[in-house]
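Data from model33.cif: mmCIF, C-alpha atoms and all ligand atoms
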```
data_model
#
loop_
_atom_site.label_atom_id
_atom_site.label_comp_id
_atom_site.auth_asym_id
_atom_site.auth_seq_id
_atom_site.Cartn_x
_atom_site.Cartn_y
_atom_site.Cartn_z
CA MET F 1 0.00 0.00 0.00
CA ALA F 2 1.32 3.47 -0.81
CA PRO F 3 2.43 5.40 2.27
CA VAL F 4 -0.31 7.99 1.72
CA ALA F 5 -0.85 8.65 5.34
CA ALA F 6 2.83 8.80 6.24
CA SER F 7 2.24 12.44 5.41
CA LEU F 8 -0.47 12.77 8.08
CA ASP F 9 0.35 16.07 9.69
CA VAL F 10 -1.70 16.28 12.86
CA ARG F 11 0.95 16.42 15.57
CA ALA F 12 0.18 20.07 16.28
CA ASP F 13 -3.36 19.08 17.35
CA PHE F 14 -1.93 17.23 20.35
CA PRO F 15 -0.85 19.77 23.00
CA LEU F 16 1.12 17.31 25.10
CA LEU F 17 3.39 16.47 22.19
CA GLY F 18 4.57 20.09 22.35
CA ARG F 19 6.80 18.83 25.17
CA GLY F 20 8.90 17.17 22.50
CA PHE F 21 8.39 13.49 23.21
CA ALA F 22 8.53 10.75 20.64
CA TYR F 23 5.44 9.18 22.21
CA LEU F 24 5.45 5.52 21.17
CA ASP F 25 3.07 4.05 23.73
CA SER F 26 -0.35 4.54 22.17
CA ALA F 27 -1.23 0.87 22.68
CA ALA F 28 -1.27 1.71 26.41
CA THR F 29 -3.18 4.95 25.92
CA SER F 30 -3.31 7.51 23.14
CA GLN F 31 -2.67 11.22 23.45
CA LYS F 32 -5.71 13.51 23.08
CA PRO F 33 -6.24 16.16 20.45
CA GLU F 34 -7.15 19.74 21.37
CA GLN F 35 -10.63 19.09 19.95
CA VAL F 36 -11.35 16.37 22.56
CA ILE F 37 -9.84 18.33 25.44
CA GLY F 38 -11.84 21.37 24.33
CA ALA F 39 -15.10 19.41 24.08
CA ILE F 40 -14.74 18.10 27.64
CA ASP F 41 -13.82 21.54 28.92
CA SER F 42 -16.75 23.09 27.08
CA TYR F 43 -19.15 20.43 28.34
CA TYR F 44 -18.33 21.27 31.96
CA ARG F 45 -18.26 25.02 31.36
CA CYS F 46 -21.42 25.30 29.31
CA SER F 47 -23.63 22.19 29.28
CA ASN F 48 -23.15 20.22 32.51
CA ALA F 49 -26.29 18.67 34.02
CA ASN F 50 -27.38 15.14 34.81
CA ILE F 51 -28.88 13.35 31.82
CA HIS F 52 -32.14 11.54 31.04
CA ARG F 53 -34.03 12.80 34.09
CA GLY F 54 -34.12 16.56 33.89
CA VAL F 55 -37.04 18.44 32.39
CA TYR F 56 -35.21 21.74 32.15
CA ALA F 57 -33.45 22.77 28.94
CA LEU F 58 -29.90 22.43 30.28
CA ALA F 59 -30.49 18.79 31.25
CA GLN F 60 -31.93 18.15 27.81
CA GLU F 61 -28.88 19.77 26.24
CA ALA F 62 -26.54 17.48 28.21
CA THR F 63 -28.67 14.45 27.29
CA ASP F 64 -28.58 15.40 23.62
CA LEU F 65 -24.79 15.78 23.70
CA PHE F 66 -24.35 12.37 25.34
CA GLU F 67 -26.88 10.49 23.22
CA GLY F 68 -25.69 12.29 20.10
CA ALA F 69 -22.19 10.98 20.84
CA ARG F 70 -23.61 7.46 21.19
CA GLU F 71 -25.28 7.76 17.77
CA ARG F 72 -22.05 8.88 16.08
CA ILE F 73 -19.95 6.28 17.89
CA ALA F 74 -22.38 3.52 16.86
CA ALA F 75 -22.36 4.69 13.24
CA PHE F 76 -18.54 4.95 13.25
CA VAL F 77 -18.26 1.18 13.75
CA GLY F 78 -21.36 0.07 11.83
CA SER F 79 -23.55 -0.52 14.87
CA GLU F 80 -26.81 0.92 16.26
CA PRO F 81 -27.31 3.20 19.27
CA ALA F 82 -29.64 0.74 21.06
CA THR F 83 -27.02 -1.99 21.01
CA THR F 84 -24.10 0.34 21.81
CA ILE F 85 -23.60 0.29 25.57
CA PHE F 86 -21.25 2.59 27.41
CA THR F 87 -19.08 1.03 30.12
CA ARG F 88 -16.07 2.33 32.03
CA ASN F 89 -13.58 0.62 29.71
CA ALA F 90 -13.08 -2.57 27.68
CA THR F 91 -12.36 -4.54 30.83
CA GLU F 92 -15.75 -3.65 32.29
CA ALA F 93 -17.45 -4.48 28.99
CA ILE F 94 -15.94 -7.98 29.02
CA ASN F 95 -16.87 -8.42 32.68
CA LEU F 96 -20.41 -7.33 31.84
CA VAL F 97 -20.71 -10.07 29.25
CA ALA F 98 -18.99 -12.68 31.43
CA TYR F 99 -21.44 -11.97 34.27
CA ALA F 100 -24.70 -11.24 32.51
CA TRP F 101 -24.37 -13.58 29.51
CA GLY F 102 -22.36 -16.15 31.47
CA ALA F 103 -24.79 -16.56 34.34
CA ALA F 104 -27.63 -17.25 31.92
CA HIS F 105 -25.83 -19.39 29.33
CA LEU F 106 -22.85 -21.26 30.78
CA GLU F 107 -23.19 -24.52 32.69
CA ALA F 108 -20.91 -27.09 34.28
CA GLY F 109 -19.11 -29.05 31.56
CA ASP F 110 -19.28 -26.20 29.01
CA GLU F 111 -16.11 -24.67 27.60
CA VAL F 112 -14.94 -21.10 27.04
CA LEU F 113 -12.31 -20.82 24.32
CA LEU F 114 -9.70 -18.04 24.44
CA THR F 115 -6.29 -17.66 22.79
CA HIS F 116 -2.79 -17.45 24.21
CA MET F 117 -2.47 -13.86 22.96
CA GLU F 118 -5.22 -12.35 25.16
CA HIS F 119 -4.83 -9.35 27.42
CA HIS F 120 -5.55 -10.18 31.07
CA SER F 121 -8.84 -8.31 30.68
CA ASN F 122 -9.97 -11.00 28.25
CA ILE F 123 -8.76 -13.85 30.47
CA VAL F 124 -9.57 -13.13 34.09
CA PRO F 125 -13.33 -12.43 33.71
CA TRP F 126 -13.64 -15.81 31.95
CA GLN F 127 -11.59 -17.56 34.64
CA LEU F 128 -13.92 -16.15 37.29
CA LEU F 129 -16.97 -17.17 35.24
CA CYS F 130 -15.70 -20.71 34.68
CA GLN F 131 -14.93 -21.06 38.38
CA ARG F 132 -18.45 -19.92 39.26
CA GLN F 133 -20.22 -22.15 36.75
CA GLY F 134 -17.93 -25.19 36.84
CA ALA F 135 -17.00 -24.69 33.19
CA THR F 136 -13.60 -25.23 31.54
CA LEU F 137 -11.26 -22.69 29.92
CA ARG F 138 -9.39 -23.67 26.78
CA TYR F 139 -6.86 -21.75 24.69
CA LEU F 140 -5.81 -21.63 21.05
CA HIS F 141 -2.06 -21.59 20.47
CA VAL F 142 -0.09 -18.82 18.80
CA SER F 143 2.41 -19.81 16.10
CA ASP F 144 6.03 -18.65 16.08
CA ASP F 145 5.09 -15.84 13.70
CA GLY F 146 2.30 -14.71 16.02
CA ARG F 147 -0.74 -16.15 14.24
CA LEU F 148 -3.75 -18.25 15.28
CA SER F 149 -4.71 -21.43 13.47
CA LEU F 150 -8.29 -21.70 12.15
CA ASP F 151 -7.73 -25.46 11.84
CA GLU F 152 -7.06 -25.66 15.56
CA LEU F 153 -10.20 -23.55 16.14
CA ASP F 154 -12.24 -26.02 14.10
CA GLU F 155 -10.77 -28.97 15.99
CA VAL F 156 -11.70 -27.52 19.39
CA LEU F 157 -15.17 -26.45 18.19
CA ALA F 158 -15.75 -29.96 16.84
CA GLY F 159 -15.68 -31.21 20.44
CA GLY F 160 -19.15 -29.65 20.75
CA ARG F 161 -18.67 -28.16 24.22
CA VAL F 162 -17.53 -24.61 23.45
CA LYS F 163 -20.19 -22.04 24.37
CA MET F 164 -18.08 -18.88 24.08
CA VAL F 165 -15.14 -17.96 21.83
CA ALA F 166 -13.42 -14.75 22.96
CA THR F 167 -10.40 -13.29 21.19
CA ALA F 168 -8.56 -10.06 20.55
CA HIS F 169 -9.04 -8.42 17.17
CA VAL F 170 -5.49 -7.01 17.31
CA SER F 171 -2.93 -8.29 19.81
CA ASN F 172 -1.50 -5.59 22.08
CA VAL F 173 1.82 -7.48 22.19
CA LEU F 174 2.31 -9.03 18.76
CA GLY F 175 0.26 -6.63 16.68
CA THR F 176 -1.40 -9.62 15.01
CA ILE F 177 -4.65 -8.79 13.22
CA ASN F 178 -6.83 -11.84 13.76
CA PRO F 179 -9.40 -13.03 11.20
CA VAL F 180 -12.26 -12.19 13.54
CA ALA F 181 -15.13 -12.39 11.02
CA GLU F 182 -14.02 -15.91 10.16
CA ILE F 183 -13.64 -16.81 13.85
CA ALA F 184 -17.11 -15.45 14.67
CA ALA F 185 -18.66 -17.31 11.73
CA ARG F 186 -17.05 -20.61 12.71
CA ALA F 187 -18.06 -20.13 16.34
CA ARG F 188 -21.65 -19.46 15.30
CA ALA F 189 -21.73 -22.50 12.99
CA ALA F 190 -20.64 -24.60 15.97
CA GLY F 191 -23.39 -23.13 18.17
CA ALA F 192 -21.02 -20.93 20.20
CA THR F 193 -21.34 -17.23 21.06
CA SER F 194 -18.40 -14.94 20.24
CA LEU F 195 -16.81 -11.87 21.79
CA ILE F 196 -14.15 -9.82 20.06
CA ASP F 197 -11.87 -7.51 22.04
CA GLY F 198 -11.34 -4.61 19.65
CA SER F 199 -9.38 -2.42 22.10
CA GLN F 200 -6.37 -2.22 19.77
CA ALA F 201 -8.36 -2.39 16.53
CA VAL F 202 -10.90 0.44 16.68
CA PRO F 203 -8.19 3.10 17.19
CA GLN F 204 -6.26 2.15 14.08
CA MET F 205 -8.36 0.57 11.35
CA PRO F 206 -11.82 0.75 9.77
CA ILE F 207 -14.19 -1.45 11.78
CA ASN F 208 -17.69 -2.57 10.91
CA VAL F 209 -19.06 -4.67 13.72
CA SER F 210 -22.10 -5.76 11.69
CA GLU F 211 -19.82 -7.14 8.97
CA ILE F 212 -17.61 -8.87 11.53
CA GLY F 213 -20.78 -10.53 12.81
CA ALA F 214 -19.60 -11.38 16.33
CA ASP F 215 -22.19 -11.51 19.10
CA PHE F 216 -20.25 -9.03 21.22
CA TYR F 217 -17.56 -6.52 20.25
CA VAL F 218 -15.85 -4.39 22.93
CA TRP F 219 -13.36 -1.52 22.89
CA THR F 220 -12.03 1.24 25.09
CA GLY F 221 -12.17 4.99 24.51
CA HIS F 222 -8.80 6.13 25.82
CA LYS F 223 -6.81 4.28 23.16
CA ALA F 224 -8.93 5.87 20.42
CA LEU F 225 -7.96 9.50 21.21
CA GLY F 226 -10.84 9.72 23.71
CA PRO F 227 -10.78 10.25 27.48
CA THR F 228 -10.30 7.56 30.11
CA GLY F 229 -13.38 6.27 31.92
CA ILE F 230 -15.41 5.20 28.91
CA GLY F 231 -15.55 1.92 27.01
CA VAL F 232 -18.04 0.46 24.56
CA LEU F 233 -19.89 -2.82 24.23
CA HIS F 234 -21.73 -3.62 21.01
CA GLY F 235 -24.00 -6.63 21.35
CA ARG F 236 -26.46 -8.63 19.33
CA ARG F 237 -29.90 -7.29 20.24
CA GLU F 238 -31.58 -10.63 21.02
CA LEU F 239 -28.74 -11.58 23.36
CA LEU F 240 -28.72 -8.23 25.14
CA GLU F 241 -32.47 -8.42 25.55
CA SER F 242 -32.36 -11.93 26.96
CA MET F 243 -29.49 -11.27 29.37
CA PRO F 244 -30.11 -10.19 32.97
CA PRO F 245 -28.65 -6.79 33.96
CA PHE F 246 -25.04 -6.53 35.13
CA LEU F 247 -25.10 -3.77 37.76
CA GLY F 248 -28.28 -2.49 39.43
CA GLY F 249 -29.52 1.04 40.13
CA GLY F 250 -29.98 4.40 38.46
CA ASP F 251 -30.44 4.58 34.72
CA MET F 252 -30.91 0.84 34.23
CA ILE F 253 -34.33 0.63 35.88
CA ALA F 254 -37.83 1.15 34.51
CA THR F 255 -39.75 0.67 37.77
CA VAL F 256 -38.68 -0.23 41.29
CA GLY F 257 -40.84 -1.88 43.92
CA PHE F 258 -39.82 -2.89 47.44
CA ASP F 259 -39.27 -6.49 46.34
CA SER F 260 -38.51 -6.37 42.66
CA SER F 261 -37.83 -4.08 39.73
CA THR F 262 -38.15 -3.95 35.98
CA TRP F 263 -35.44 -2.94 33.56
CA ASN F 264 -35.05 -0.01 31.23
CA GLU F 265 -34.83 -0.69 27.51
CA LEU F 266 -31.55 -1.02 25.61
CA PRO F 267 -28.95 0.38 25.83
CA TRP F 268 -29.70 1.85 29.29
CA LYS F 269 -30.56 -1.57 30.80
CA PHE F 270 -26.80 -2.07 31.11
CA GLU F 271 -25.90 1.47 32.20
CA ALA F 272 -26.38 1.63 35.96
CA GLY F 273 -25.91 4.89 37.88
CA THR F 274 -24.94 8.25 36.45
CA SER F 275 -23.21 7.77 33.12
CA PRO F 276 -19.72 9.03 32.22
CA ILE F 277 -21.32 12.02 30.49
CA ALA F 278 -18.32 14.23 29.75
CA GLU F 279 -16.37 11.12 28.75
CA GLY F 280 -19.09 10.11 26.30
CA VAL F 281 -19.12 13.59 24.81
CA GLY F 282 -15.32 13.53 24.58
CA LEU F 283 -15.28 10.12 22.91
CA GLY F 284 -17.85 11.32 20.39
CA VAL F 285 -15.50 14.14 19.40
CA ALA F 286 -12.51 11.75 19.28
CA ILE F 287 -14.45 9.61 16.83
CA ASP F 288 -15.36 12.69 14.77
CA TYR F 289 -11.66 13.53 14.68
CA LEU F 290 -10.66 10.03 13.48
CA ALA F 291 -13.52 9.98 10.96
CA ALA F 292 -12.38 13.32 9.53
CA ILE F 293 -8.89 11.88 8.93
CA GLY F 294 -10.51 8.73 7.55
CA MET F 295 -9.85 5.30 9.00
CA ASP F 296 -8.35 4.05 5.75
CA ALA F 297 -5.78 6.81 6.03
CA VAL F 298 -5.20 6.00 9.72
CA ARG F 299 -4.60 2.35 8.87
CA ALA F 300 -2.28 3.26 5.98
CA HIS F 301 -0.32 5.51 8.32
CA GLU F 302 0.01 2.81 11.00
CA ARG F 303 1.04 0.32 8.36
CA ASP F 304 3.67 2.61 6.94
CA LEU F 305 5.14 3.33 10.38
CA THR F 306 5.10 -0.36 11.36
CA GLY F 307 6.84 -1.36 8.15
CA TYR F 308 9.39 1.42 8.56
CA ALA F 309 10.00 0.48 12.21
CA LEU F 310 10.53 -3.21 11.36
CA GLU F 311 12.94 -2.17 8.59
CA ARG F 312 14.95 0.20 10.78
CA LEU F 313 14.97 -2.07 13.85
CA ALA F 314 16.47 -4.80 11.66
CA GLU F 315 19.64 -2.64 11.53
CA ILE F 316 20.26 -3.62 15.16
CA ASP F 317 21.55 -7.17 14.86
CA ILE F 318 21.01 -8.04 18.53
CA LEU F 319 17.33 -7.01 18.37
CA ARG F 320 14.57 -9.56 17.82
CA PRO F 321 11.06 -8.33 16.95
CA PHE F 322 7.99 -10.45 17.72
CA GLY F 323 4.80 -10.91 15.72
CA PRO F 324 3.85 -11.34 12.07
CA THR F 325 6.22 -10.02 9.42
CA ASP F 326 3.43 -9.67 6.85
CA LEU F 327 2.04 -6.14 7.25
CA ASP F 328 -1.39 -7.28 6.01
CA HIS F 329 -1.72 -9.19 9.26
CA ARG F 330 -0.14 -6.69 11.58
CA GLY F 331 -1.27 -3.50 13.30
CA GLY F 332 0.81 -0.64 14.69
CA VAL F 333 2.52 -2.45 17.55
CA VAL F 334 6.13 -3.65 17.58
CA SER F 335 7.35 -5.70 20.55
CA PHE F 336 10.97 -6.67 20.66
CA GLU F 337 13.84 -7.88 22.80
CA VAL F 338 17.46 -6.80 22.67
CA GLU F 339 19.92 -9.52 23.56
CA GLY F 340 21.77 -8.60 26.75
CA ILE F 341 19.58 -5.64 27.80
CA HIS F 342 16.48 -6.02 29.98
CA PRO F 343 13.38 -4.35 28.48
CA HIS F 344 13.08 -2.06 31.51
CA ASP F 345 16.64 -0.81 30.94
CA ILE F 346 15.82 -0.26 27.27
CA ALA F 347 12.74 1.79 28.16
CA GLU F 348 14.66 3.81 30.73
CA LEU F 349 17.50 4.60 28.35
CA CYS F 350 14.98 5.53 25.64
CA ASP F 351 13.29 7.82 28.14
CA ARG F 352 16.56 9.74 28.56
CA GLU F 353 16.29 10.55 24.85
CA GLY F 354 12.65 11.64 25.16
CA VAL F 355 11.37 8.42 23.59
CA CYS F 356 8.42 6.87 25.43
CA ILE F 357 8.12 3.12 24.93
CA ARG F 358 6.58 0.40 27.08
CA ALA F 359 8.45 -2.38 28.86
CA GLY F 360 6.92 -5.29 30.72
CA HIS F 361 4.47 -8.13 30.23
CA HIS F 362 1.83 -5.81 28.69
CA CYS F 363 -0.91 -7.49 30.76
CA ALA F 364 -0.32 -10.68 28.80
CA GLN F 365 1.64 -12.90 31.19
CA PRO F 366 0.45 -16.22 29.67
CA LEU F 367 1.65 -15.05 26.24
CA MET F 368 5.04 -13.99 27.66
CA ARG F 369 5.45 -17.49 29.08
CA GLU F 370 4.59 -19.02 25.71
CA MET F 371 7.10 -16.70 24.02
CA GLY F 372 9.75 -17.69 26.58
CA VAL F 373 10.48 -14.13 27.72
CA PRO F 374 9.73 -12.39 31.03
CA ALA F 375 8.93 -9.12 29.28
CA THR F 376 9.38 -7.24 26.03
CA ALA F 377 9.95 -3.64 24.99
CA ARG F 378 7.11 -2.30 22.85
CA ALA F 379 6.71 0.65 20.51
CA SER F 380 3.24 1.49 19.25
CA PHE F 381 1.99 4.17 16.92
CA HIS F 382 -0.90 6.53 16.29
CA VAL F 383 -1.86 9.31 13.94
CA TYR F 384 0.53 11.83 15.52
CA ASN F 385 3.65 9.69 15.04
CA SER F 386 6.03 10.06 12.16
CA ARG F 387 9.02 8.25 10.70
CA GLU F 388 11.13 10.72 12.66
CA ASP F 389 9.81 9.22 15.92
CA VAL F 390 10.95 5.81 14.70
CA ASP F 391 14.38 7.26 13.85
CA ARG F 392 14.59 8.69 17.36
CA LEU F 393 13.77 5.25 18.77
CA VAL F 394 16.49 3.60 16.70
CA ASP F 395 19.04 6.26 17.72
CA ALA F 396 18.10 5.77 21.38
CA LEU F 397 18.49 2.00 21.04
CA GLN F 398 21.90 2.41 19.43
CA LYS F 399 22.95 4.60 22.35
CA ALA F 400 21.61 2.01 24.82
CA ARG F 401 23.68 -0.59 23.08
CA LYS F 402 26.79 1.53 23.59
CA VAL F 403 25.98 2.00 27.30
CA PHE F 404 25.91 -1.79 27.65
CA GLU F 405 28.99 -2.17 25.42
CA LEU F 406 27.18 -4.65 23.17
C1 LIG K 501 -6.13 -5.95 23.75
C2 LIG K 501 -6.56 -5.21 24.97
N1 LIG K 501 -7.69 -5.59 25.58
C3 LIG K 501 -8.15 -4.95 26.67
C4 LIG K 501 -7.46 -3.90 27.21
C5 LIG K 501 -7.99 -3.25 28.45
O1 LIG K 501 -8.36 -1.93 28.22
P1 LIG K 501 -8.94 -1.09 29.43
O2 LIG K 501 -7.87 -1.10 30.50
O3 LIG K 501 -9.18 0.27 28.91
O4 LIG K 501 -10.16 -1.79 29.89
C6 LIG K 501 -6.27 -3.49 26.62
C7 LIG K 501 -5.47 -2.39 27.23
O5 LIG K 501 -4.27 -2.39 27.20
C8 LIG K 501 -5.81 -4.16 25.47
O6 LIG K 501 -4.67 -3.80 24.86
#
```
As structure tokens, please, write out the structure in this file.
Amino acid sequence: MAPVAASLDVRADFPLLGRGFAYLDSAATSQKPEQVIGAIDSYYRCSNANIHRGVYALAQEATDLFEGARERIAAFVGSEPATTIFTRNATEAINLVAYAWGAAHLEAGDEVLLTHMEHHSNIVPWQLLCQRQGATLRYLHVSDDGRLSLDELDEVLAGGRVKMVATAHVSNVLGTINPVAEIAARARAAGATSLIDGSQAVPQMPINVSEIGADFYVWTGHKALGPTGIGVLHGRRELLESMPPFLGGGDMIATVGFDSSTWNELPWKFEAGTSPIAEGVGLGVAIDYLAAIGMDAVRAHERDLTGYALERLAEIDILRPFGPTDLDHRGGVVSFEVEGIHPHDIAELCDREGVCIRAGHHCAQPLMREMGVPATARASFHVYNSREDVDRLVDALQKARKVFEL
């Protein structure tokens, strides 16, 4: 693909980057453009009121801003407002499904199928669920080049016990882009429900959840240029309607008696208490910002930077990158190890050069064990990064190498 978006020139929109960092940790959280910061500021200065309940005009204005954001966010990923539920983050969205869907649908002897490349947020809620219900957790393996095997998926599904298949769309460690539409289709054909963790996908590529066809698709706002404190769950309507609520109180009720209650309609049935209103408004503006750039351009930009990073990192002969080499199957995340230097030392020495990269297990301890490393260093990209940031990373790594006399 032509490096069209390598020329993306949006760095000036991100005030924090004025401090001069080469910020290469967007897989952990993205920086925020002025537009998002301004929208949150303006919400509190001009439109703040509690939503849904107020009859006065200001409350209606706040409600319209929040629900308007939901409509745009749903449209951005090919979903509908009624089946687009706001949570605190992706982790809470997965927990919501594990509790509410799991309690109603998983029994002793059933299986939940995950993969070795999951973030802890897509492991632990299922462990807790399986422990509660007496069900079994199973995992798909990851190949040496960071890919899943659809043949292995078919083999496990053929056992007839899998009730839930949950996998990342894009791995936060390997960058692998998984064939999630295919996985969801095969799960469905085998009578299993599917959940896709799109936390690393929505920020960097065009997503259409209807076309993917999974039963649940979750993501988190703060990696997609939005604020912290807001995540999104898209669900299949029939499933959401049949599931019991997750948390009780506030916006999720229709009527409350002393002994029992009835539930609000979708999406509010799953939104207990006062919503993250400013966060919703902020995420709506983040999505507008990404849409204005165009997600094809965002993906092309990430792809260009990833390809350039893999090319330049190959100049360091003691460095080993992880994950797929084929850019068609890889998002904007590059994890690597440098022989003889611990990832934490790498990150610290990079920091001295103003280069922010991640070091650690990236909330994927089972994957680290499978890869045979305690930790990796990780660089990840977003719209505000440039090839120059990658050059700064490579320079910092060369300096680190000298410090360690390697
Ligand atoms: C693949 C993946 N899933 C889930 C999460 C959890 O996101 P949050 O902490 O916003 O819930 C992350 C965050 O790093 C992630 O990379």
task: Quick one: pull the distance between atom CA of Trp268 of chain F and atom CA of Ala28 of chain F, Å, one decimal.
output: 28.6 Å
task: Can you tell me which residues come within 9 Å of ligand LIG 501 (chain K) when counting only C-alpha atoms and all ligand atoms, ideally as a ChimeraX atom specification?
output: /F:27-29,88-94,117-122,167-173,197-201,218-223,228-231,362-363
Selected residue, from F:Gly109, F:Gly102, F:Gly54, F:Pro276, that lies nearest to Leu129 of chain F when counting all atoms listed in the file: F:Gly102
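Nearest residue to Val142 of chain F among F:Ala158, F:Ile73, F:Met371, F:Val202 is F:Met371, counting only C-alpha atoms.
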- request: For atom CA of Pro33 of chain F and atom CA of Asn48 of chain F, quote the distance in Å rounded to one decimal.
  value: 21.2 Å
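When atom CA of Phe86 of chain F is paired with atom CA of Val232 of chain F, their separation reads 4.8 Å.
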query: From the set F:Asp145, F:Trp126, F:Phe404, F:His234, which residue has the shortest atom-to-atom contact distance to Gly175 of chain F, counting only C-alpha atoms?
result: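 The shortest atom-to-atom distance to Gly175 of chain F comes from F:Asp145.
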- request: May I have the residues within 6 Å of Leu319 of chain F as a ChimeraX atom specification, using all atoms listed in the file and disregarding those fewer than 3 positions away in the same chain?
  value: /F:316,337-338
- request: Mind checking which residues fall within 8 Å of Leu397 of chain F, counting all atoms listed in the file, ignoring those fewer than 2 positions away in the same chain, and posting them as a list of chain:residue names?
  value: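 My list of contacting residues is F:Ile346, F:Leu349, F:Cys350, F:Leu393, F:Val394, F:Asp395, F:Lys399, F:Ala400, F:Arg401.
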field: Proximity to Thr274 of chain F - best of F:Gly249, F:Gly332, F:Ser143, F:His361, only C-alpha atoms
entry: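 Among F:Gly249, F:Gly332, F:Ser143, F:His361, it is F:Gly249 that comes nearest to Thr274 of chain F.
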- line: From the list F:Ile177, F:Cys130, F:Ala375, F:Cys46, the nearest residue to Leu327 of chain F using only C-alpha atoms is F:Ile177
